[in-house]
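The file input-v1.csv comes next; it holds CSV, C-alpha atoms and all ligand atoms.
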chain,number,residue,atom,x,y,z
A,1,MET,CA,169.1,-62.5,12.7
A,2,SER,CA,169.7,-60.7,16.0
A,3,GLY,CA,170.5,-64.1,17.6
A,4,ARG,CA,173.7,-64.4,15.6
A,5,CYS,CA,177.0,-64.9,17.4
A,6,ALA,CA,179.8,-62.4,17.1
A,7,ALA,CA,181.5,-64.5,14.5
A,8,CYS,CA,178.5,-64.8,12.2
A,9,LYS,CA,177.6,-61.2,12.7
A,10,ASN,CA,181.2,-60.2,11.7
A,11,GLN,CA,181.1,-62.6,8.7
A,12,ARG,CA,177.5,-61.4,7.9
A,13,ARG,CA,176.1,-64.8,7.6
A,14,ARG,CA,173.3,-66.8,9.2
A,15,CYS,CA,174.2,-68.4,12.6
A,16,PRO,CA,173.3,-72.1,12.5
A,17,SER,CA,172.0,-73.7,15.6
A,18,ASP,CA,175.1,-75.8,15.8
A,19,CYS,CA,177.5,-72.9,15.1
A,20,ILE,CA,181.0,-73.7,16.2
A,21,PHE,CA,181.7,-70.1,17.2
A,22,SER,CA,178.5,-69.3,19.1
A,23,PRO,CA,179.3,-70.8,22.5
A,24,TYR,CA,182.7,-69.0,22.6
A,25,PHE,CA,182.1,-65.8,20.7
A,26,PRO,CA,178.9,-64.3,22.1
A,27,ALA,CA,177.1,-61.5,20.3
A,28,ASN,CA,177.6,-59.1,23.2
A,29,ASP,CA,181.4,-59.2,22.8
A,30,PRO,CA,182.1,-58.5,19.1
A,31,GLU,CA,185.6,-57.3,19.8
A,32,ARG,CA,186.6,-60.8,21.1
A,33,PHE,CA,185.9,-62.4,17.7
A,34,ALA,CA,187.3,-59.4,15.8
A,35,ARG,CA,190.7,-59.7,17.5
A,36,VAL,CA,190.9,-63.5,16.9
A,37,HIS,CA,189.8,-63.0,13.4
A,38,ARG,CA,192.3,-60.3,12.8
A,39,ILE,CA,195.2,-62.5,13.9
A,40,TYR,CA,194.2,-66.0,12.9
A,41,GLY,CA,191.4,-65.5,10.4
A,42,GLY,CA,187.9,-66.5,11.3
A,43,SER,CA,187.8,-69.7,9.2
A,44,ASN,CA,191.1,-70.9,10.7
A,45,VAL,CA,189.7,-70.4,14.2
A,46,GLY,CA,186.6,-72.4,13.2
A,47,LYS,CA,188.8,-75.2,11.8
A,48,MET,CA,190.9,-75.3,15.0
A,49,LEU,CA,187.8,-75.4,17.2
A,50,GLN,CA,186.3,-78.3,15.1
A,51,GLN,CA,189.5,-80.3,15.3
A,52,ILE,CA,189.6,-80.5,19.1
A,53,PRO,CA,187.2,-82.2,21.5
A,54,SER,CA,184.3,-80.1,22.5
A,55,TYR,CA,185.4,-80.0,26.2
A,56,LEU,CA,188.6,-78.3,25.2
A,57,ARG,CA,187.0,-75.7,22.9
A,58,GLU,CA,186.3,-73.1,25.6
A,59,GLN,CA,189.9,-73.2,26.8
A,60,ALA,CA,191.2,-73.1,23.2
A,61,ALA,CA,189.0,-70.1,22.4
A,62,ASN,CA,190.2,-68.3,25.5
A,63,SER,CA,193.8,-69.1,24.6
A,64,LEU,CA,193.3,-67.9,21.0
A,65,TYR,CA,191.8,-64.7,22.3
A,66,PHE,CA,194.6,-64.1,24.8
A,67,GLU,CA,197.3,-64.8,22.2
A,68,ALA,CA,195.6,-62.6,19.7
A,69,GLN,CA,195.4,-59.7,22.2
A,70,CYS,CA,199.1,-60.2,22.9
A,71,ARG,CA,200.0,-60.2,19.2
A,72,ILE,CA,198.0,-57.0,18.7
A,73,GLN,CA,199.7,-55.3,21.6
A,74,ASP,CA,203.1,-56.6,20.8
A,75,PRO,CA,203.2,-57.5,17.0
A,76,VAL,CA,206.9,-58.6,17.2
A,77,TYR,CA,206.9,-60.9,20.2
A,78,GLY,CA,203.2,-61.5,21.0
A,79,CYS,CA,202.8,-63.7,24.1
A,80,ALA,CA,206.4,-64.9,23.7
A,81,GLY,CA,207.3,-61.4,25.0
A,82,ILE,CA,205.3,-62.0,28.1
A,83,ILE,CA,206.8,-65.4,28.6
A,84,SER,CA,210.3,-63.9,28.2
A,85,LYS,CA,209.5,-61.2,30.8
A,86,LEU,CA,208.1,-63.8,33.1
A,87,TYR,CA,211.3,-65.9,32.7
A,88,GLU,CA,213.3,-62.8,33.5
A,89,GLN,CA,211.2,-62.2,36.7
A,90,ILE,CA,211.7,-65.9,37.7
A,91,ASN,CA,215.4,-65.6,37.1
A,92,SER,CA,215.8,-62.4,39.1
A,93,THR,CA,213.6,-63.8,41.8
A,94,GLU,CA,215.7,-67.0,42.0
A,95,ILE,CA,218.8,-64.8,42.2
A,96,ALA,CA,217.2,-62.8,45.0
A,97,LEU,CA,216.1,-66.1,46.8
A,98,ALA,CA,219.7,-67.4,46.5
A,99,HIS,CA,221.0,-64.2,47.9
A,100,VAL,CA,218.6,-64.4,50.9
A,101,GLN,CA,219.4,-68.1,51.4
A,102,THR,CA,223.1,-67.2,51.4
A,103,GLN,CA,222.5,-64.4,54.0
A,104,ILE,CA,220.5,-66.8,56.2
A,105,ALA,CA,223.3,-69.4,55.9
A,106,CYS,CA,225.9,-66.7,56.8
A,107,GLN,CA,223.8,-65.6,59.7
A,108,LYS,CA,223.6,-69.1,61.0
A,109,LEU,CA,227.3,-69.5,60.7
A,110,GLN,CA,227.9,-66.1,62.3
A,111,VAL,CA,226.0,-66.9,65.5
A,112,PRO,CA,228.5,-69.5,66.7
A,113,GLN,CA,231.3,-67.3,65.1
A,114,ALA,CA,230.1,-64.3,67.1
A,115,LYS,CA,230.3,-66.4,70.3
A,116,ALA,CA,233.8,-67.5,69.3
A,117,GLU,CA,234.7,-64.0,68.4
A,118,SER,CA,233.5,-62.6,71.7
A,119,ASN,CA,235.5,-65.3,73.4
A,120,PHE,CA,238.3,-64.6,71.1
A,121,ASN,CA,238.1,-60.9,71.9
A,122,VAL,CA,238.0,-61.7,75.7
A,123,PHE,CA,241.1,-63.8,75.6
A,124,PRO,CA,243.3,-61.3,73.7
A,125,ALA,CA,242.1,-58.5,76.0
A,126,GLN,CA,243.0,-60.6,79.0
A,127,ASN,CA,246.3,-61.7,77.6
A,128,SER,CA,246.9,-58.8,75.6
A,129,SER,CA,249.5,-57.4,75.7
A,130,THR,CA,249.8,-54.2,73.9
A,131,ALA,CA,247.3,-52.2,75.9
A,132,GLU,CA,248.5,-53.6,79.3
A,133,PHE,CA,252.2,-53.4,78.5
A,134,GLN,CA,251.8,-49.9,77.2
A,135,TRP,CA,249.8,-48.9,80.2
A,136,GLU,CA,252.4,-50.4,82.6
A,137,SER,CA,255.2,-49.0,80.7
A,138,GLN,CA,253.6,-45.6,80.7
A,139,VAL,CA,252.7,-45.6,84.4
A,140,PRO,CA,256.2,-45.1,85.6
A,141,TRP,CA,256.5,-42.3,83.2
A,142,PHE,CA,253.6,-40.5,84.6
A,143,ASN,CA,254.5,-41.1,88.2
A,201,ZN,ZN,177.5,-68.2,14.7
Could the structure of this file be written out as structure tokens, please?
Amino acid sequence: MSGRCAACKNQRRRCPSDCIFSPYFPANDPERFARVHRIYGGSNVGKMLQQIPSYLREQAANSLYFEAQCRIQDPVYGCAGIISKLYEQINSTEIALAHVQTQIACQKLQVPQAKAESNFNVFPAQNSSTAEFQWESQVPWFN
């Protein structure tokens, strides 16, 4: 009887050699089955595992366990709450990425603009007017 899987131990029944639970709910982790049982019901989990090909059962059991844990931690949203938070993170990261891409594009545009501006600044300084005219007009005043 000590060779029973966690599900059969929990259900207090004999664990058959072809037990559907035994590969996915080992006796050394009774909490794993307890959580899945609490959320889905042990017999429903057994039915789900029997309805899918054996190569998918481990993934299905892991997924059921994960989803059950999420539902216990967050009874209202379960793993949909995590999905929602991840969507928010993706959204804010995409906004941050767009912001950085915009900054990069502006930097690329500003490099030629900066040259143009420095040329532009040189020309007005040479041609300009206000500073030179004021200076010239003030020179006689000081002399
Ligand atoms: Zn069993």
With the cut-off set at 9 Å and counting only C-alpha atoms and all ligand atoms, tabulate each residue of chain A with an atom at most that distance from an atom of ligand ZN 201 (chain A), showing the nearest atom pair and its distance in Å to one decimal, ordered by chain and increasing number, as a Markdown table.
| residue | atom | partner | partner_atom | distance |
| --- | --- | --- | --- | --- |
| A:Gly3 | CA | A:ZN201 | ZN | 8.6 |
| A:Arg4 | CA | A:ZN201 | ZN | 5.4 |
| A:Cys5 | CA | A:ZN201 | ZN | 4.3 |
| A:Ala6 | CA | A:ZN201 | ZN | 6.7 |
| A:Ala7 | CA | A:ZN201 | ZN | 5.5 |
| A:Cys8 | CA | A:ZN201 | ZN | 4.3 |
| A:Lys9 | CA | A:ZN201 | ZN | 7.3 |
| A:Gln11 | CA | A:ZN201 | ZN | 9.0 |
| A:Arg13 | CA | A:ZN201 | ZN | 8.0 |
| A:Arg14 | CA | A:ZN201 | ZN | 7.1 |
| A:Cys15 | CA | A:ZN201 | ZN | 3.9 |
| A:Pro16 | CA | A:ZN201 | ZN | 6.1 |
| A:Ser17 | CA | A:ZN201 | ZN | 7.8 |
| A:Asp18 | CA | A:ZN201 | ZN | 8.0 |
| A:Cys19 | CA | A:ZN201 | ZN | 4.7 |
| A:Ile20 | CA | A:ZN201 | ZN | 6.7 |
| A:Phe21 | CA | A:ZN201 | ZN | 5.2 |
| A:Ser22 | CA | A:ZN201 | ZN | 4.6 |
| A:Pro23 | CA | A:ZN201 | ZN | 8.4 |
| A:Phe25 | CA | A:ZN201 | ZN | 7.9 |
| A:Pro26 | CA | A:ZN201 | ZN | 8.5 |
| A:Ala27 | CA | A:ZN201 | ZN | 8.7 |
Same residues, C-alpha atoms, saved as a tab-separated table (two decimals), in the frame of the given file:
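Output file again32.tsv is given in full below:
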chain	number	residue	atom	x	y	z
A	3	GLY	CA	170.50	-64.10	17.60
A	4	ARG	CA	173.70	-64.40	15.60
A	5	CYS	CA	177.00	-64.90	17.40
A	6	ALA	CA	179.80	-62.40	17.10
A	7	ALA	CA	181.50	-64.50	14.50
A	8	CYS	CA	178.50	-64.80	12.20
A	9	LYS	CA	177.60	-61.20	12.70
A	11	GLN	CA	181.10	-62.60	8.70
A	13	ARG	CA	176.10	-64.80	7.60
A	14	ARG	CA	173.30	-66.80	9.20
A	15	CYS	CA	174.20	-68.40	12.60
A	16	PRO	CA	173.30	-72.10	12.50
A	17	SER	CA	172.00	-73.70	15.60
A	18	ASP	CA	175.10	-75.80	15.80
A	19	CYS	CA	177.50	-72.90	15.10
A	20	ILE	CA	181.00	-73.70	16.20
A	21	PHE	CA	181.70	-70.10	17.20
A	22	SER	CA	178.50	-69.30	19.10
A	23	PRO	CA	179.30	-70.80	22.50
A	25	PHE	CA	182.10	-65.80	20.70
A	26	PRO	CA	178.90	-64.30	22.10
A	27	ALA	CA	177.10	-61.50	20.30
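Distances here use all atoms listed in the file; by that measure, the residue among A:Ile82, A:Tyr24, A:Val76, A:Gln50 closest to Leu64 (chain A) is A:Tyr24.
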What lies within 9 Å of Tyr65 (chain A) using all atoms listed in the file, ignoring chain neighbours under 5 positions off, as a tab-separated table (two decimals) with C-alpha atoms, in the coordinates of the input?
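Final output, selection_7.tsv:
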chain	number	residue	atom	x	y	z
A	32	ARG	CA	186.60	-60.80	21.10
A	33	PHE	CA	185.90	-62.40	17.70
A	35	ARG	CA	190.70	-59.70	17.50
A	36	VAL	CA	190.90	-63.50	16.90
A	60	ALA	CA	191.20	-73.10	23.20
A	70	CYS	CA	199.10	-60.20	22.90
d(CA of Leu49 (chain A), CA of Leu86 (chain A)) in Å: 28.3 Å
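Taking CA of Ser63 (chain A) and CA of Asn91 (chain A) as endpoints, the distance between them is 25.2 Å.
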Need a file for region 80-116 of chain A from that block: N, CA and C atoms, written as a PDB file, in the first residue's frame.
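Result file follows (part30.pdb):
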ATOM      1  N   ALA A  80      -5.687  33.677 -15.638  1.00  0.00           N
ATOM      2  CA  ALA A  80      -6.059  34.806 -16.503  1.00  0.00           C
ATOM      3  C   ALA A  80      -5.506  36.110 -15.933  1.00  0.00           C
ATOM      4  N   GLY A  81      -5.388  36.197 -14.595  1.00  0.00           N
ATOM      5  CA  GLY A  81      -4.789  37.376 -13.972  1.00  0.00           C
ATOM      6  C   GLY A  81      -3.330  37.529 -14.366  1.00  0.00           C
ATOM      7  N   ILE A  82      -2.611  36.400 -14.410  1.00  0.00           N
ATOM      8  CA  ILE A  82      -1.196  36.430 -14.818  1.00  0.00           C
ATOM      9  C   ILE A  82      -1.095  36.818 -16.290  1.00  0.00           C
ATOM     10  N   ILE A  83      -1.973  36.230 -17.122  1.00  0.00           N
ATOM     11  CA  ILE A  83      -1.970  36.549 -18.555  1.00  0.00           C
ATOM     12  C   ILE A  83      -2.230  38.038 -18.738  1.00  0.00           C
ATOM     13  N   SER A  84      -3.187  38.564 -17.979  1.00  0.00           N
ATOM     14  CA  SER A  84      -3.516  39.987 -18.075  1.00  0.00           C
ATOM     15  C   SER A  84      -2.321  40.854 -17.682  1.00  0.00           C
ATOM     16  N   LYS A  85      -1.642  40.480 -16.578  1.00  0.00           N
ATOM     17  CA  LYS A  85      -0.456  41.240 -16.154  1.00  0.00           C
ATOM     18  C   LYS A  85       0.642  41.167 -17.198  1.00  0.00           C
ATOM     19  N   LEU A  86       0.806  39.981 -17.807  1.00  0.00           N
ATOM     20  CA  LEU A  86       1.835  39.843 -18.841  1.00  0.00           C
ATOM     21  C   LEU A  86       1.489  40.689 -20.069  1.00  0.00           C
ATOM     22  N   TYR A  87       0.192  40.746 -20.435  1.00  0.00           N
ATOM     23  CA  TYR A  87      -0.224  41.611 -21.536  1.00  0.00           C
ATOM     24  C   TYR A  87       0.094  43.073 -21.221  1.00  0.00           C
ATOM     25  N   GLU A  88      -0.166  43.473 -19.957  1.00  0.00           N
ATOM     26  CA  GLU A  88       0.159  44.846 -19.555  1.00  0.00           C
ATOM     27  C   GLU A  88       1.654  45.108 -19.694  1.00  0.00           C
ATOM     28  N   GLN A  89       2.481  44.124 -19.257  1.00  0.00           N
ATOM     29  CA  GLN A  89       3.936  44.282 -19.371  1.00  0.00           C
ATOM     30  C   GLN A  89       4.363  44.377 -20.829  1.00  0.00           C
ATOM     31  N   ILE A  90       3.761  43.510 -21.674  1.00  0.00           N
ATOM     32  CA  ILE A  90       4.088  43.550 -23.098  1.00  0.00           C
ATOM     33  C   ILE A  90       3.715  44.922 -23.668  1.00  0.00           C
ATOM     34  N   ASN A  91       2.520  45.387 -23.292  1.00  0.00           N
ATOM     35  CA  ASN A  91       2.040  46.676 -23.787  1.00  0.00           C
ATOM     36  C   ASN A  91       2.966  47.813 -23.366  1.00  0.00           C
ATOM     37  N   SER A  92       3.322  47.851 -22.064  1.00  0.00           N
ATOM     38  CA  SER A  92       4.180  48.946 -21.597  1.00  0.00           C
ATOM     39  C   SER A  92       5.587  48.820 -22.183  1.00  0.00           C
ATOM     40  N   THR A  93       6.047  47.584 -22.398  1.00  0.00           N
ATOM     41  CA  THR A  93       7.361  47.401 -23.019  1.00  0.00           C
ATOM     42  C   THR A  93       7.331  47.848 -24.477  1.00  0.00           C
ATOM     43  N   GLU A  94       6.215  47.566 -25.178  1.00  0.00           N
ATOM     44  CA  GLU A  94       6.100  48.023 -26.567  1.00  0.00           C
ATOM     45  C   GLU A  94       6.062  49.547 -26.638  1.00  0.00           C
ATOM     46  N   ILE A  95       5.396  50.163 -25.655  1.00  0.00           N
ATOM     47  CA  ILE A  95       5.358  51.628 -25.615  1.00  0.00           C
ATOM     48  C   ILE A  95       6.773  52.167 -25.366  1.00  0.00           C
ATOM     49  N   ALA A  96       7.498  51.541 -24.412  1.00  0.00           N
ATOM     50  CA  ALA A  96       8.870  51.967 -24.126  1.00  0.00           C
ATOM     51  C   ALA A  96       9.758  51.770 -25.344  1.00  0.00           C
ATOM     52  N   LEU A  97       9.570  50.649 -26.047  1.00  0.00           N
ATOM     53  CA  LEU A  97      10.350  50.378 -27.258  1.00  0.00           C
ATOM     54  C   LEU A  97      10.062  51.435 -28.328  1.00  0.00           C
ATOM     55  N   ALA A  98       8.775  51.757 -28.514  1.00  0.00           N
ATOM     56  CA  ALA A  98       8.412  52.778 -29.499  1.00  0.00           C
ATOM     57  C   ALA A  98       9.040  54.120 -29.130  1.00  0.00           C
ATOM     58  N   HIS A  99       9.067  54.413 -27.817  1.00  0.00           N
ATOM     59  CA  HIS A  99       9.663  55.664 -27.349  1.00  0.00           C
ATOM     60  C   HIS A  99      11.165  55.704 -27.677  1.00  0.00           C
ATOM     61  N   VAL A 100      11.849  54.581 -27.395  1.00  0.00           N
ATOM     62  CA  VAL A 100      13.287  54.504 -27.680  1.00  0.00           C
ATOM     63  C   VAL A 100      13.538  54.593 -29.178  1.00  0.00           C
ATOM     64  N   GLN A 101      12.693  53.910 -29.973  1.00  0.00           N
ATOM     65  CA  GLN A 101      12.865  53.965 -31.429  1.00  0.00           C
ATOM     66  C   GLN A 101      12.642  55.387 -31.943  1.00  0.00           C
ATOM     67  N   THR A 102      11.680  56.075 -31.338  1.00  0.00           N
ATOM     68  CA  THR A 102      11.443  57.468 -31.723  1.00  0.00           C
ATOM     69  C   THR A 102      12.649  58.330 -31.380  1.00  0.00           C
ATOM     70  N   GLN A 103      13.213  58.104 -30.165  1.00  0.00           N
ATOM     71  CA  GLN A 103      14.404  58.861 -29.768  1.00  0.00           C
ATOM     72  C   GLN A 103      15.568  58.590 -30.713  1.00  0.00           C
ATOM     73  N   ILE A 104      15.748  57.315 -31.096  1.00  0.00           N
ATOM     74  CA  ILE A 104      16.833  56.963 -32.021  1.00  0.00           C
ATOM     75  C   ILE A 104      16.618  57.667 -33.359  1.00  0.00           C
ATOM     76  N   ALA A 105      15.369  57.622 -33.840  1.00  0.00           N
ATOM     77  CA  ALA A 105      15.064  58.284 -35.117  1.00  0.00           C
ATOM     78  C   ALA A 105      15.326  59.783 -35.018  1.00  0.00           C
ATOM     79  N   CYS A 106      14.942  60.382 -33.890  1.00  0.00           N
ATOM     80  CA  CYS A 106      15.182  61.824 -33.705  1.00  0.00           C
ATOM     81  C   CYS A 106      16.675  62.116 -33.651  1.00  0.00           C
ATOM     82  N   GLN A 107      17.445  61.241 -32.962  1.00  0.00           N
ATOM     83  CA  GLN A 107      18.887  61.429 -32.892  1.00  0.00           C
ATOM     84  C   GLN A 107      19.500  61.381 -34.284  1.00  0.00           C
ATOM     85  N   LYS A 108      19.024  60.405 -35.100  1.00  0.00           N
ATOM     86  CA  LYS A 108      19.544  60.290 -36.468  1.00  0.00           C
ATOM     87  C   LYS A 108      19.213  61.541 -37.280  1.00  0.00           C
ATOM     88  N   LEU A 109      18.020  62.088 -37.048  1.00  0.00           N
ATOM     89  CA  LEU A 109      17.622  63.294 -37.774  1.00  0.00           C
ATOM     90  C   LEU A 109      18.385  64.517 -37.261  1.00  0.00           C
ATOM     91  N   GLN A 110      18.707  64.500 -35.946  1.00  0.00           N
ATOM     92  CA  GLN A 110      19.361  65.666 -35.365  1.00  0.00           C
ATOM     93  C   GLN A 110      20.823  65.768 -35.735  1.00  0.00           C
ATOM     94  N   VAL A 111      21.462  64.663 -36.087  1.00  0.00           N
ATOM     95  CA  VAL A 111      22.881  64.736 -36.447  1.00  0.00           C
ATOM     96  C   VAL A 111      23.079  65.627 -37.661  1.00  0.00           C
ATOM     97  N   PRO A 112      22.355  65.352 -38.784  1.00  0.00           N
ATOM     98  CA  PRO A 112      22.483  66.300 -39.903  1.00  0.00           C
ATOM     99  C   PRO A 112      21.932  67.668 -39.555  1.00  0.00           C
ATOM    100  N   GLN A 113      20.890  67.710 -38.742  1.00  0.00           N
ATOM    101  CA  GLN A 113      20.313  68.996 -38.343  1.00  0.00           C
ATOM    102  C   GLN A 113      21.318  69.798 -37.530  1.00  0.00           C
ATOM    103  N   ALA A 114      22.060  69.080 -36.662  1.00  0.00           N
ATOM    104  CA  ALA A 114      23.039  69.777 -35.831  1.00  0.00           C
ATOM    105  C   ALA A 114      24.100  70.428 -36.703  1.00  0.00           C
ATOM    106  N   LYS A 115      24.527  69.703 -37.766  1.00  0.00           N
ATOM    107  CA  LYS A 115      25.483  70.290 -38.709  1.00  0.00           C
ATOM    108  C   LYS A 115      24.865  71.500 -39.389  1.00  0.00           C
ATOM    109  N   ALA A 116      23.618  71.319 -39.816  1.00  0.00           N
ATOM    110  CA  ALA A 116      22.925  72.422 -40.471  1.00  0.00           C
ATOM    111  C   ALA A 116      22.764  73.579 -39.503  1.00  0.00           C
TER     112      ALA A 116
END
